[in-house]
Structures are given as C-alpha cells and as structure tokens.
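Student: So that you have it, the file is data18.txt, and it contains compact mmCIF, C-alpha atoms:
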```
# COMPACT_ATOMS: atom_id res chain seq x y z
CA MET A 1 -83.76 188.38 48.93
CA LYS A 2 -82.75 185.28 46.96
CA GLU A 3 -79.09 184.33 46.80
CA GLN A 4 -77.37 185.70 43.71
CA TYR A 5 -75.26 183.03 42.00
CA VAL A 6 -74.41 185.00 38.87
CA ASP A 7 -73.13 188.49 38.16
CA PRO A 8 -74.82 189.99 35.07
CA ILE A 9 -72.19 192.76 34.99
CA GLU A 10 -69.54 190.17 34.06
CA THR A 11 -71.41 188.73 31.05
CA ARG A 12 -70.14 188.98 27.47
CA THR A 13 -73.35 189.09 25.41
CA PRO A 14 -76.81 190.65 25.79
CA GLU A 15 -78.35 187.15 25.65
CA GLN A 16 -76.10 185.94 28.46
CA LYS A 17 -76.94 189.01 30.55
CA ALA A 18 -80.69 188.41 30.14
CA GLN A 19 -80.24 184.73 31.02
CA TYR A 20 -78.27 185.65 34.16
CA GLU A 21 -80.87 188.17 35.28
CA GLU A 22 -83.48 185.39 35.03
CA ILE A 23 -81.20 183.02 36.96
CA ASN A 24 -80.90 185.59 39.76
CA ARG A 25 -84.68 185.87 39.92
CA SER A 26 -84.87 182.08 40.35
CA GLY A 27 -82.33 182.03 43.19
CA LYS A 28 -80.79 178.80 41.83
CA CYS A 29 -77.17 178.17 40.94
CA PRO A 30 -76.86 177.55 37.17
CA PHE A 31 -73.83 175.28 37.63
CA CYS A 32 -75.28 172.97 40.27
CA LEU A 33 -76.17 169.76 38.42
CA GLU A 34 -79.97 169.96 38.52
CA GLN A 35 -79.88 173.40 36.86
CA PHE A 36 -76.85 172.95 34.60
CA SER A 37 -78.54 170.52 32.23
CA LYS A 38 -81.53 172.88 31.89
CA ILE A 39 -79.46 175.96 31.10
CA HIS A 40 -76.28 174.86 29.33
CA LYS A 41 -76.76 174.07 25.62
CA SER A 42 -73.48 172.37 24.69
CA GLU A 43 -73.14 168.65 25.24
CA ILE A 44 -71.12 167.28 28.13
CA LEU A 45 -67.97 165.92 26.50
CA ARG A 46 -66.81 163.85 29.45
CA GLU A 47 -67.30 163.61 33.19
CA ASN A 48 -65.94 161.76 36.18
CA ASN A 49 -66.97 161.55 39.84
CA SER A 50 -66.27 165.22 40.57
CA TRP A 51 -66.19 167.27 37.37
CA LEU A 52 -67.72 167.59 33.92
CA VAL A 53 -66.26 169.27 30.86
CA THR A 54 -68.13 170.86 27.97
CA LYS A 55 -67.61 173.54 25.37
CA ASN A 56 -68.45 176.98 26.72
CA ASP A 57 -71.79 178.29 25.42
CA THR A 58 -70.36 181.83 25.35
CA PRO A 59 -66.70 181.44 24.37
CA TYR A 60 -64.26 184.30 24.66
CA LYS A 61 -63.94 186.24 21.41
CA GLY A 62 -61.37 184.81 19.01
CA THR A 63 -60.86 181.41 20.62
CA ILE A 64 -60.22 178.21 18.73
CA TYR A 65 -61.43 176.25 21.76
CA HIS A 66 -63.02 177.35 25.02
CA PHE A 67 -63.77 174.48 27.38
CA LEU A 68 -65.63 174.76 30.66
CA PHE A 69 -64.98 172.48 33.64
CA VAL A 70 -67.75 172.49 36.26
CA TYR A 71 -67.46 171.03 39.75
CA LYS A 72 -70.22 168.46 40.39
CA GLY A 73 -69.86 168.15 44.16
CA LYS A 74 -71.45 170.23 46.91
CA HIS A 75 -71.85 173.86 45.86
CA THR A 76 -68.68 175.86 46.52
CA SER A 77 -66.67 178.64 44.95
CA ASN A 78 -63.36 177.73 46.60
CA PHE A 79 -60.85 175.17 45.34
CA SER A 80 -59.55 174.82 48.90
CA ASP A 81 -62.91 173.27 49.92
CA LEU A 82 -62.32 170.24 47.68
CA PRO A 83 -61.00 166.91 48.90
CA ASN A 84 -57.78 165.82 47.20
CA GLU A 85 -59.48 163.19 45.03
CA ASP A 86 -61.78 165.87 43.56
CA ARG A 87 -58.76 168.03 42.77
CA LEU A 88 -57.12 165.11 40.96
CA ASP A 89 -60.33 164.44 39.03
CA LEU A 90 -60.11 167.94 37.54
CA PHE A 91 -56.66 167.27 36.14
CA GLU A 92 -57.75 163.91 34.76
CA LEU A 93 -60.26 165.79 32.56
CA TYR A 94 -57.69 168.50 31.83
CA ASP A 95 -55.35 165.83 30.43
CA TRP A 96 -58.18 164.20 28.47
CA ILE A 97 -59.16 167.48 26.77
CA ASN A 98 -55.57 168.29 25.83
CA GLN A 99 -54.99 164.81 24.39
CA THR A 100 -58.35 164.49 22.64
CA TYR A 101 -58.21 167.92 20.98
CA LYS A 102 -54.43 167.78 20.45
CA ILE A 103 -53.92 171.06 22.30
CA LYS A 104 -50.25 172.01 22.43
CA SER A 105 -50.64 175.38 24.14
CA GLY A 106 -53.38 177.34 25.80
CA ALA A 107 -54.45 178.86 29.10
CA PHE A 108 -55.97 177.15 32.11
CA VAL A 109 -57.96 179.63 34.21
CA MET A 110 -59.78 179.17 37.49
CA ARG A 111 -61.23 182.08 39.43
CA TYR A 112 -62.32 181.31 42.97
CA GLY A 113 -63.82 182.86 46.06
CA GLU A 114 -65.84 186.04 45.96
CA SER A 115 -66.95 187.42 42.63
CA GLY A 116 -65.54 190.75 41.59
CA ASN A 117 -62.55 189.03 40.01
CA GLY A 118 -64.17 188.82 36.60
CA SER A 119 -66.12 185.64 37.28
CA SER A 120 -69.75 185.62 36.20
CA VAL A 121 -70.86 182.45 38.07
CA ARG A 122 -70.32 181.86 41.79
CA HIS A 123 -69.75 178.12 41.51
CA LEU A 124 -66.32 176.54 41.21
CA HIS A 125 -65.40 176.09 37.58
CA ALA A 126 -62.37 176.40 35.31
CA HIS A 127 -61.60 177.12 31.68
CA ILE A 128 -59.17 175.98 29.03
CA VAL A 129 -58.87 178.77 26.49
CA VAL A 130 -57.01 178.15 23.24
CA GLY A 131 -56.22 180.80 20.70
CA GLN A 132 -54.16 180.89 17.58
CA ASN A 133 -50.45 180.60 18.25
CA ASP A 134 -49.28 183.03 15.58
CA LYS A 135 -49.45 186.73 16.42
CA LEU A 136 -48.30 187.60 12.89
CA LYS A 137 -51.63 186.31 11.51
CA ASN A 138 -53.66 188.29 14.05
CA PRO A 139 -51.98 190.40 16.73
CA GLU A 140 -55.23 190.91 18.71
CA PRO A 141 -54.99 189.01 22.03
CA ILE A 142 -57.79 187.01 23.63
CA LYS A 143 -58.83 188.89 26.74
CA VAL A 144 -59.62 186.92 29.90
CA LYS A 145 -60.59 188.92 32.97
CA VAL A 146 -58.94 187.76 36.20
CA GLY A 147 -59.67 190.78 38.36
CA TYR A 148 -59.31 194.53 38.29
CA GLN A 149 -56.30 196.79 38.67
CA LYS A 150 -55.63 198.27 42.11
```
Translate this structure into structure tokens?

Tutor:
Amino acid sequence: MKEQYVDPIETRTPEQKAQYEEINRSGKCPFCLEQFSKIHKSEILRENNSWLVTKNDTPYKGTIYHFLFVYKGKHTSNFSDLPNEDRLDLFELYDWINQTYKIKSGAFVMRYGESGNGSSVRHLHAHIVVGQNDKLKNPEPIKVKVGYQK
C-alpha cells in the first residue's frame, strides 16, 4: 500500500476531498516541493531557504486572510526535527506576512506529528488565520480544528 500523506476526512470542500483521494492514490506528498507547484494554485508570495508562504487554496470559512507556510526541507511532520536555522526562517516569513499585510491580530497555528489532530496534510506546515476583529458585526467565530475532545 502506498503511503498516505493526506487525510480526506479532514478536508473542507468536496473538491478538496476528491483532490486528496487522488493524491493518496499517487502516494506522493502534496507539500513536498516537486508536487506542491503542480497541486497548489495560489502564487508563492515569498520564500527563503527553508519555508515558503502562499495564500491557502481552501481558506477557513469567514477569514480575511488565510496564509499557508510550507516547510521546504526534507519531508517531516515534526517541528522538533528542524535545525534551529530552519525554525528561525519560519518566523522571518511570519514577520514579513504581518508587516506586508498590516496584520494587527490573528492566529498562528501549527499542527505536528501524527494526523488525527485536525490536520489534512502530513507534512510540516503552519497557518496564519485572520478574521474580523469585531464580534458585534458578526458573532460567528472562525473554527480551526486542533484535535478532538477526550
């Protein structure tokens, strides 16, 4: 059986689910560089030695911005596997996004390790999710899955 790099159960749209089922049939990681450019539609906004950042092709419902940071090094799903310089590279892009898009508040999310924590892709990546900052205009929260209740 081919390695499964994505979890179709954790997808947010029927199109994304179909795409992930096809990815599983291929046995290739969609976030490893040779595949990423074939699958991801949004342009790469910036990259450095270790990471790239782009807009998420399937943003969480209700977001103003949803950015995706993808690790470019050797395939891993654990932040602890990264050398220190690769960790610092992530925060260089984090700062760039916040400055460039004038983001004053948001959420920075990174799931890691085994799937089953809400992550749909088993490749180290992170998100900046920005919603409206006025619950009086719309009290509906943006929902980001980070696991399941015990």

Student: If we count all atoms listed in the file, what is near A:Gln16 at a cut-off of 12 Å, once residues fewer than 3 positions away on the same chain are taken out, given as an MDAnalysis selection string?

Tutor: chainID A and resid 6:13 19:23 39:40 56:59 120:121

Student: Select, from A:Ser50, A:Lys38, A:Lys150, A:Gly27, the residue with the minimum atom-to-atom distance to A:Lys74, counting only C-alpha atoms.

Tutor: A:Ser50

Student: So how many Å separate atom CA of A:Tyr94 and atom CA of A:Gly147, to one decimal?

Tutor: 23.3 Å

Student: Could you check which of A:Gln99, A:Ser119, A:Asn48, A:Asn84 is closest to A:Tyr71, using only C-alpha atoms?

Tutor: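 Nearest to A:Tyr71: A:Asn48.
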
Student: For A:Trp51, work out the shell of residues within 8 Å, counting all atoms listed in the file and skipping chain neighbours fewer than 4 positions away, then give it as a list in words.

Tutor: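 Near A:Trp51, the qualifying residues are Glu47, Phe69, Val70, Tyr71, Lys72, Gly73, Asp86, Asp89, Leu90 and Leu93 of chain A.
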
Student: For A:Ala107, please output as a PyMOL selection string all residues within 9 Å (counting all atoms listed in the file; exclusion window: fewer than 4 positions along the same chain).

Tutor: chain A and resi 127-131

Student: Restricting the calculation to only C-alpha atoms, which member of A:Lys2, A:His75, A:Thr63, A:His125 is positioned closest to A:Glu34?

Tutor: A:His75

Student: Provide the atom CA of A:Cys32 to atom CA of A:Glu92 distance in Å, to one decimal place.

Tutor: 20.5 Å

Student: Kindly indicate which residue among A:His123, A:Lys17, A:Lys104, A:Lys135 lies nearest to A:Pro30, using all atoms listed in the file for the distances.

Tutor: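 The answer is A:His123, which sits nearest to A:Pro30.
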
Student: Which polymer residues, whether protein, DNA or RNA, lie within 8 Å of the coordinate (-58.6, 181.3, 39.8) when you count only C-alpha atoms? List them as a ChimeraX atom specification, using the chain letters and numbers from the file.

Tutor: /A:109-112,126,146

Student: Please compute the atom CA of A:Leu45-atom CA of A:Phe67 distance, one decimal, in Å.

Tutor: 9.6 Å

Student: Using all atoms listed in the file, find the one residue out of A:Lys137, A:Lys41, A:Arg122, A:Lys143 that sits nearest to A:Cys29.

Tutor: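 Of A:Lys137, A:Lys41, A:Arg122, A:Lys143, the one nearest A:Cys29 is A:Arg122, counting all atoms listed in the file.
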
Student: Counting all atoms listed in the file, which residue out of A:Ile97, A:Leu124, A:Leu52, A:Ile64 sits closest to A:Phe79?

Tutor: A:Leu124

Student: What's around A:Glu43 at 9 Å? Count all atoms listed in the file, leave out sequence neighbours fewer than 5 positions away in its own chain, and write the answer as an NGL selection string.

Tutor: :A and (53-55)

Student: Go ahead and save the residues from that selection, with C-alpha atoms, as a tab-separated table (two decimals), in the coordinates of the input.

Tutor:
```tsv
chain	number	residue	atom	x	y	z
A	53	VAL	CA	-66.26	169.27	30.86
A	54	THR	CA	-68.13	170.86	27.97
A	55	LYS	CA	-67.61	173.54	25.37
```
